[in-house]
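Here's the structure we're looking at; comments come further down.
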Amino acid sequence: MTIQKIDVAYTAVATAENGRDGRVSSEDGQLDVVVNPPKAMGGSGAGTNPEQLFAAGYSACFQGALGVVARQEKADISGSTVTASVSIGKTEAGGFGLEVAISASIPNVDAATAQALIEKAHQVCPYSSATRGNVNVELSVA
């Protein structure tokens with residue numbers, strides 16, 4: 001697999017303090033959140049966590065990719081939603097890994113069209129490109 005090169009249009013910068021049990025903020029001040037491990041992983045669950053932040057970013061990005069594809073296909077995706085579920089767990093090698101499930105609800109198209117749209121969006125979405133070949137991503141129509 002070759003590394004994809006891009007013509008950079010924007011760079012987001014965020015800094016973490018104290019890892020999974022601290023704070024994350026963006027350079028422009030638009031994001032400033034407390035992060036804590038979830039209770040399921042022995043943490044307090046008092047703040048958000050990296051998996052929630054990744055799920056938020058992936059779902060928003062995938063929704064944007066869906067919009068690009070829908071415009072190309074002249075499909076009506078008004079009222080659609082995309083939900084990303086990000087799971088973390090131990091790998092066979094002893095480290096930690098992620099799995100992602102993307103579910104899209106597209107009320108104004110039939111199931112076959114919705115499935116085709118999300119498969120095409122998966123090819124366009126930068127998050128999907130970044131995870132391809134490394135993270136299992138399951139797609140479904142809600």
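Residues are referred to by chain and number: the chain letter is A, B, ... according to the order shown in the structure tokens, the number counts from 1 in that chain, and ligands are numbered separately from 1 in the order shown.
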Next item on the list: Would you kindly return, as a PyMOL selection string, each protein, DNA or RNA residue with an atom no farther than 12 Å from any atom of stretch 103-120 of chain A, considering only C-alpha atoms and excluding same-chain residues fewer than 4 positions away?
Entry: chain A and resi 55+58-60+62-86+124-125+128-129+137-142
Kindly save the residues from that selection, with N, CA, C and O atoms included, as a short mmCIF file (atom, residue, chain, number, x, y, z; two decimals), in the first residue's frame.
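Saved to selection.cif:
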```
data_model
loop_
_atom_site.label_atom_id
_atom_site.label_comp_id
_atom_site.auth_asym_id
_atom_site.auth_seq_id
_atom_site.Cartn_x
_atom_site.Cartn_y
_atom_site.Cartn_z
N ALA A 55 -15.19 9.14 16.83
CA ALA A 55 -16.53 8.84 16.29
C ALA A 55 -17.21 10.11 15.79
O ALA A 55 -17.86 10.11 14.73
N TYR A 58 -15.39 11.17 12.56
CA TYR A 58 -15.64 10.24 11.45
C TYR A 58 -17.07 10.37 10.95
O TYR A 58 -17.30 10.43 9.74
N SER A 59 -18.04 10.48 11.85
CA SER A 59 -19.44 10.58 11.40
C SER A 59 -19.66 11.88 10.62
O SER A 59 -20.35 11.88 9.58
N ALA A 60 -19.08 12.99 11.07
CA ALA A 60 -19.24 14.26 10.36
C ALA A 60 -18.56 14.21 8.99
O ALA A 60 -19.12 14.66 7.98
N PHE A 62 -17.88 11.49 7.20
CA PHE A 62 -18.59 10.54 6.35
C PHE A 62 -19.87 11.17 5.81
O PHE A 62 -20.22 11.00 4.64
N GLN A 63 -20.57 11.95 6.65
CA GLN A 63 -21.78 12.65 6.20
C GLN A 63 -21.43 13.61 5.07
O GLN A 63 -22.17 13.73 4.09
N GLY A 64 -20.29 14.28 5.19
CA GLY A 64 -19.84 15.19 4.13
C GLY A 64 -19.54 14.43 2.85
O GLY A 64 -19.91 14.87 1.75
N ALA A 65 -18.88 13.28 2.96
CA ALA A 65 -18.58 12.46 1.79
C ALA A 65 -19.87 11.95 1.16
O ALA A 65 -20.00 11.89 -0.07
N LEU A 66 -20.84 11.61 2.00
CA LEU A 66 -22.14 11.17 1.49
C LEU A 66 -22.80 12.28 0.68
O LEU A 66 -23.39 12.03 -0.37
N GLY A 67 -22.66 13.51 1.13
CA GLY A 67 -23.20 14.65 0.40
C GLY A 67 -22.54 14.83 -0.96
O GLY A 67 -23.21 15.10 -1.96
N VAL A 68 -21.23 14.64 -1.01
CA VAL A 68 -20.50 14.73 -2.29
C VAL A 68 -21.02 13.68 -3.27
O VAL A 68 -21.34 13.97 -4.42
N VAL A 69 -21.12 12.45 -2.78
CA VAL A 69 -21.59 11.34 -3.62
C VAL A 69 -23.04 11.57 -4.05
O VAL A 69 -23.39 11.35 -5.21
N ALA A 70 -23.87 12.01 -3.14
CA ALA A 70 -25.29 12.23 -3.45
C ALA A 70 -25.45 13.29 -4.54
O ALA A 70 -26.30 13.13 -5.43
N ARG A 71 -24.66 14.35 -4.47
CA ARG A 71 -24.73 15.37 -5.51
C ARG A 71 -24.33 14.79 -6.87
O ARG A 71 -24.97 15.06 -7.89
N GLN A 72 -23.29 13.96 -6.89
CA GLN A 72 -22.86 13.32 -8.14
C GLN A 72 -23.94 12.39 -8.70
O GLN A 72 -24.15 12.31 -9.90
N GLU A 73 -24.63 11.68 -7.79
CA GLU A 73 -25.64 10.70 -8.19
C GLU A 73 -27.04 11.31 -8.30
O GLU A 73 -27.99 10.61 -8.60
N LYS A 74 -27.14 12.60 -7.96
CA LYS A 74 -28.44 13.29 -7.94
C LYS A 74 -29.45 12.58 -7.05
O LYS A 74 -30.61 12.39 -7.39
N ALA A 75 -28.97 12.20 -5.86
CA ALA A 75 -29.81 11.51 -4.87
C ALA A 75 -30.18 12.49 -3.76
O ALA A 75 -29.37 13.34 -3.37
N ASP A 76 -31.39 12.37 -3.24
CA ASP A 76 -31.88 13.23 -2.17
C ASP A 76 -31.51 12.63 -0.82
O ASP A 76 -32.11 11.64 -0.40
N ILE A 77 -30.54 13.23 -0.15
CA ILE A 77 -30.15 12.71 1.17
C ILE A 77 -30.60 13.65 2.29
O ILE A 77 -30.12 13.54 3.42
N SER A 78 -31.52 14.56 1.98
CA SER A 78 -32.00 15.46 3.03
C SER A 78 -32.59 14.63 4.17
O SER A 78 -33.22 13.61 3.95
N GLY A 79 -32.33 15.06 5.38
CA GLY A 79 -32.82 14.34 6.56
C GLY A 79 -31.98 13.14 6.93
O GLY A 79 -32.31 12.40 7.86
N SER A 80 -30.87 12.93 6.23
CA SER A 80 -30.04 11.76 6.53
C SER A 80 -29.18 11.99 7.77
O SER A 80 -28.91 13.14 8.15
N THR A 81 -28.78 10.91 8.40
CA THR A 81 -27.86 10.96 9.53
C THR A 81 -26.82 9.86 9.36
O THR A 81 -27.10 8.83 8.73
N VAL A 82 -25.66 10.09 9.92
CA VAL A 82 -24.60 9.08 9.93
C VAL A 82 -24.14 8.92 11.37
O VAL A 82 -23.83 9.90 12.05
N THR A 83 -24.12 7.68 11.82
CA THR A 83 -23.65 7.37 13.17
C THR A 83 -22.39 6.51 13.07
O THR A 83 -22.38 5.50 12.36
N ALA A 84 -21.35 6.92 13.76
CA ALA A 84 -20.11 6.14 13.83
C ALA A 84 -19.97 5.57 15.24
O ALA A 84 -20.06 6.32 16.21
N SER A 85 -19.80 4.28 15.32
CA SER A 85 -19.54 3.61 16.60
C SER A 85 -18.09 3.15 16.57
O SER A 85 -17.70 2.36 15.72
N VAL A 86 -17.29 3.67 17.49
CA VAL A 86 -15.87 3.34 17.55
C VAL A 86 -15.62 2.49 18.79
O VAL A 86 -15.93 2.90 19.91
N VAL A 124 -14.73 7.87 -0.76
CA VAL A 124 -14.43 9.30 -0.85
C VAL A 124 -13.97 9.88 0.50
O VAL A 124 -13.13 10.77 0.54
N CYS A 125 -14.49 9.38 1.59
CA CYS A 125 -14.26 9.95 2.93
C CYS A 125 -12.78 9.86 3.34
O CYS A 125 -12.19 8.77 3.32
N SER A 128 -12.16 7.31 6.08
CA SER A 128 -12.18 5.95 5.54
C SER A 128 -10.86 5.64 4.85
O SER A 128 -10.31 4.53 5.00
N SER A 129 -10.33 6.61 4.11
CA SER A 129 -9.04 6.41 3.45
C SER A 129 -7.93 6.20 4.48
O SER A 129 -7.05 5.37 4.28
N VAL A 137 -13.82 -1.54 9.26
CA VAL A 137 -14.94 -0.60 9.21
C VAL A 137 -16.11 -1.31 8.55
O VAL A 137 -16.03 -1.74 7.41
N GLU A 138 -17.20 -1.46 9.31
CA GLU A 138 -18.42 -2.08 8.80
C GLU A 138 -19.41 -0.99 8.42
O GLU A 138 -19.62 -0.05 9.18
N LEU A 139 -20.04 -1.14 7.27
CA LEU A 139 -21.04 -0.19 6.80
C LEU A 139 -22.42 -0.81 6.85
O LEU A 139 -22.58 -1.99 6.51
N SER A 140 -23.42 -0.02 7.25
CA SER A 140 -24.79 -0.51 7.23
C SER A 140 -25.75 0.64 7.00
O SER A 140 -25.46 1.79 7.27
N VAL A 141 -26.94 0.27 6.50
CA VAL A 141 -28.02 1.22 6.32
C VAL A 141 -28.98 1.04 7.48
O VAL A 141 -29.40 -0.08 7.77
N ALA A 142 -29.29 2.14 8.16
CA ALA A 142 -30.18 2.07 9.33
C ALA A 142 -31.62 2.04 8.89
O ALA A 142 -31.99 2.55 7.86
#
```
Taking the DSSP assignment computed from this structure's backbone, write out as a compact mmCIF listing (two decimals) with N, CA and C atoms, in the first residue's frame all residues of chain A that belong to strand (DSSP E or B).
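The file below, out_25.txt, is the result:
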```
# COMPACT_ATOMS: atom_id res chain seq x y z
N ALA A 14 -4.16 20.17 17.52
CA ALA A 14 -4.69 19.98 18.87
C ALA A 14 -3.57 19.46 19.75
N THR A 15 -3.65 19.82 21.02
CA THR A 15 -2.65 19.40 21.99
C THR A 15 -3.33 18.71 23.16
N ALA A 16 -2.76 17.57 23.54
CA ALA A 16 -3.27 16.82 24.70
C ALA A 16 -2.33 17.03 25.88
N GLU A 17 -2.92 17.14 27.05
CA GLU A 17 -2.18 17.20 28.31
C GLU A 17 -2.63 16.04 29.17
N GLY A 22 -6.92 13.78 30.98
CA GLY A 22 -6.48 15.17 31.06
C GLY A 22 -7.36 16.10 30.26
N ARG A 23 -6.75 16.79 29.31
CA ARG A 23 -7.46 17.81 28.54
C ARG A 23 -6.90 17.82 27.13
N VAL A 24 -7.78 18.12 26.16
CA VAL A 24 -7.37 18.29 24.77
C VAL A 24 -7.92 19.63 24.30
N SER A 25 -7.07 20.41 23.65
CA SER A 25 -7.54 21.70 23.13
C SER A 25 -6.95 21.93 21.75
N SER A 26 -7.72 22.66 20.95
CA SER A 26 -7.25 23.01 19.62
C SER A 26 -6.51 24.34 19.68
N ASP A 32 -11.94 22.56 23.45
CA ASP A 32 -11.24 22.52 24.74
C ASP A 32 -12.05 21.60 25.64
N VAL A 33 -11.63 20.36 25.73
CA VAL A 33 -12.42 19.36 26.46
C VAL A 33 -11.57 18.56 27.44
N VAL A 34 -12.24 18.16 28.50
CA VAL A 34 -11.65 17.24 29.46
C VAL A 34 -11.82 15.83 28.90
N VAL A 35 -10.76 15.05 28.96
CA VAL A 35 -10.84 13.65 28.53
C VAL A 35 -10.54 12.75 29.72
N THR A 48 -15.17 13.40 28.03
CA THR A 48 -15.24 12.63 26.79
C THR A 48 -13.98 11.76 26.70
N THR A 81 -28.78 10.91 8.40
CA THR A 81 -27.86 10.96 9.53
C THR A 81 -26.82 9.86 9.36
N VAL A 82 -25.66 10.09 9.92
CA VAL A 82 -24.60 9.08 9.93
C VAL A 82 -24.14 8.92 11.37
N THR A 83 -24.12 7.68 11.82
CA THR A 83 -23.65 7.37 13.17
C THR A 83 -22.39 6.51 13.07
N ALA A 84 -21.35 6.92 13.76
CA ALA A 84 -20.11 6.14 13.83
C ALA A 84 -19.97 5.57 15.24
N SER A 85 -19.80 4.28 15.32
CA SER A 85 -19.54 3.61 16.60
C SER A 85 -18.09 3.15 16.57
N VAL A 86 -17.29 3.67 17.49
CA VAL A 86 -15.87 3.34 17.55
C VAL A 86 -15.62 2.49 18.79
N SER A 87 -15.08 1.30 18.56
CA SER A 87 -14.78 0.37 19.66
C SER A 87 -13.27 0.27 19.82
N ILE A 88 -12.84 0.12 21.06
CA ILE A 88 -11.42 -0.08 21.36
C ILE A 88 -11.29 -1.38 22.14
N GLY A 89 -10.23 -2.09 21.87
CA GLY A 89 -9.98 -3.34 22.60
C GLY A 89 -8.57 -3.83 22.35
N LYS A 90 -8.22 -4.87 23.07
CA LYS A 90 -6.88 -5.45 22.94
C LYS A 90 -6.75 -6.23 21.64
N PHE A 96 -3.47 -2.24 21.65
CA PHE A 96 -4.87 -1.88 21.52
C PHE A 96 -5.17 -1.50 20.07
N GLY A 97 -6.39 -1.75 19.66
CA GLY A 97 -6.81 -1.42 18.31
C GLY A 97 -8.24 -0.91 18.31
N LEU A 98 -8.67 -0.46 17.15
CA LEU A 98 -10.01 0.08 16.99
C LEU A 98 -10.81 -0.70 15.95
N GLU A 99 -12.12 -0.66 16.09
CA GLU A 99 -13.06 -1.12 15.08
C GLU A 99 -14.11 -0.03 14.95
N VAL A 100 -14.65 0.12 13.74
CA VAL A 100 -15.64 1.17 13.49
C VAL A 100 -16.85 0.57 12.79
N ALA A 101 -18.02 0.99 13.21
CA ALA A 101 -19.26 0.65 12.51
C ALA A 101 -19.92 1.96 12.10
N ILE A 102 -20.17 2.10 10.81
CA ILE A 102 -20.83 3.29 10.27
C ILE A 102 -22.24 2.89 9.87
N SER A 103 -23.23 3.60 10.39
CA SER A 103 -24.63 3.35 10.06
C SER A 103 -25.22 4.64 9.53
N ALA A 104 -25.84 4.55 8.34
CA ALA A 104 -26.43 5.73 7.74
C ALA A 104 -27.92 5.54 7.56
N SER A 105 -28.67 6.54 7.95
CA SER A 105 -30.10 6.58 7.71
C SER A 105 -30.34 7.61 6.61
N ASN A 136 -10.91 -2.30 10.90
CA ASN A 136 -12.11 -2.90 10.35
C ASN A 136 -13.24 -1.88 10.43
N VAL A 137 -13.82 -1.54 9.26
CA VAL A 137 -14.94 -0.60 9.21
C VAL A 137 -16.11 -1.31 8.55
N GLU A 138 -17.20 -1.46 9.31
CA GLU A 138 -18.42 -2.08 8.80
C GLU A 138 -19.41 -0.99 8.42
N LEU A 139 -20.04 -1.14 7.27
CA LEU A 139 -21.04 -0.19 6.80
C LEU A 139 -22.42 -0.81 6.85
N SER A 140 -23.42 -0.02 7.25
CA SER A 140 -24.79 -0.51 7.23
C SER A 140 -25.75 0.64 7.00
N VAL A 141 -26.94 0.27 6.50
CA VAL A 141 -28.02 1.22 6.32
C VAL A 141 -28.98 1.04 7.48
```
Item checked: Nearest candidate to A:Ile3 (options A:Met41, A:Ala130, A:Ala56, A:Leu31; using only C-alpha atoms) -> A:Ala130
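Atom CA of A:Ala93 to atom CA of A:Ser44 spans 27.1 Å [interatomic distance, one decimal].
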Next item on the list: From the DSSP assignment of the backbone, select every residue of chain A that is alpha helix (DSSP H), and format the answer as a PyMOL selection string.
Entry: chain A and resi 50-73+111-124+126-131
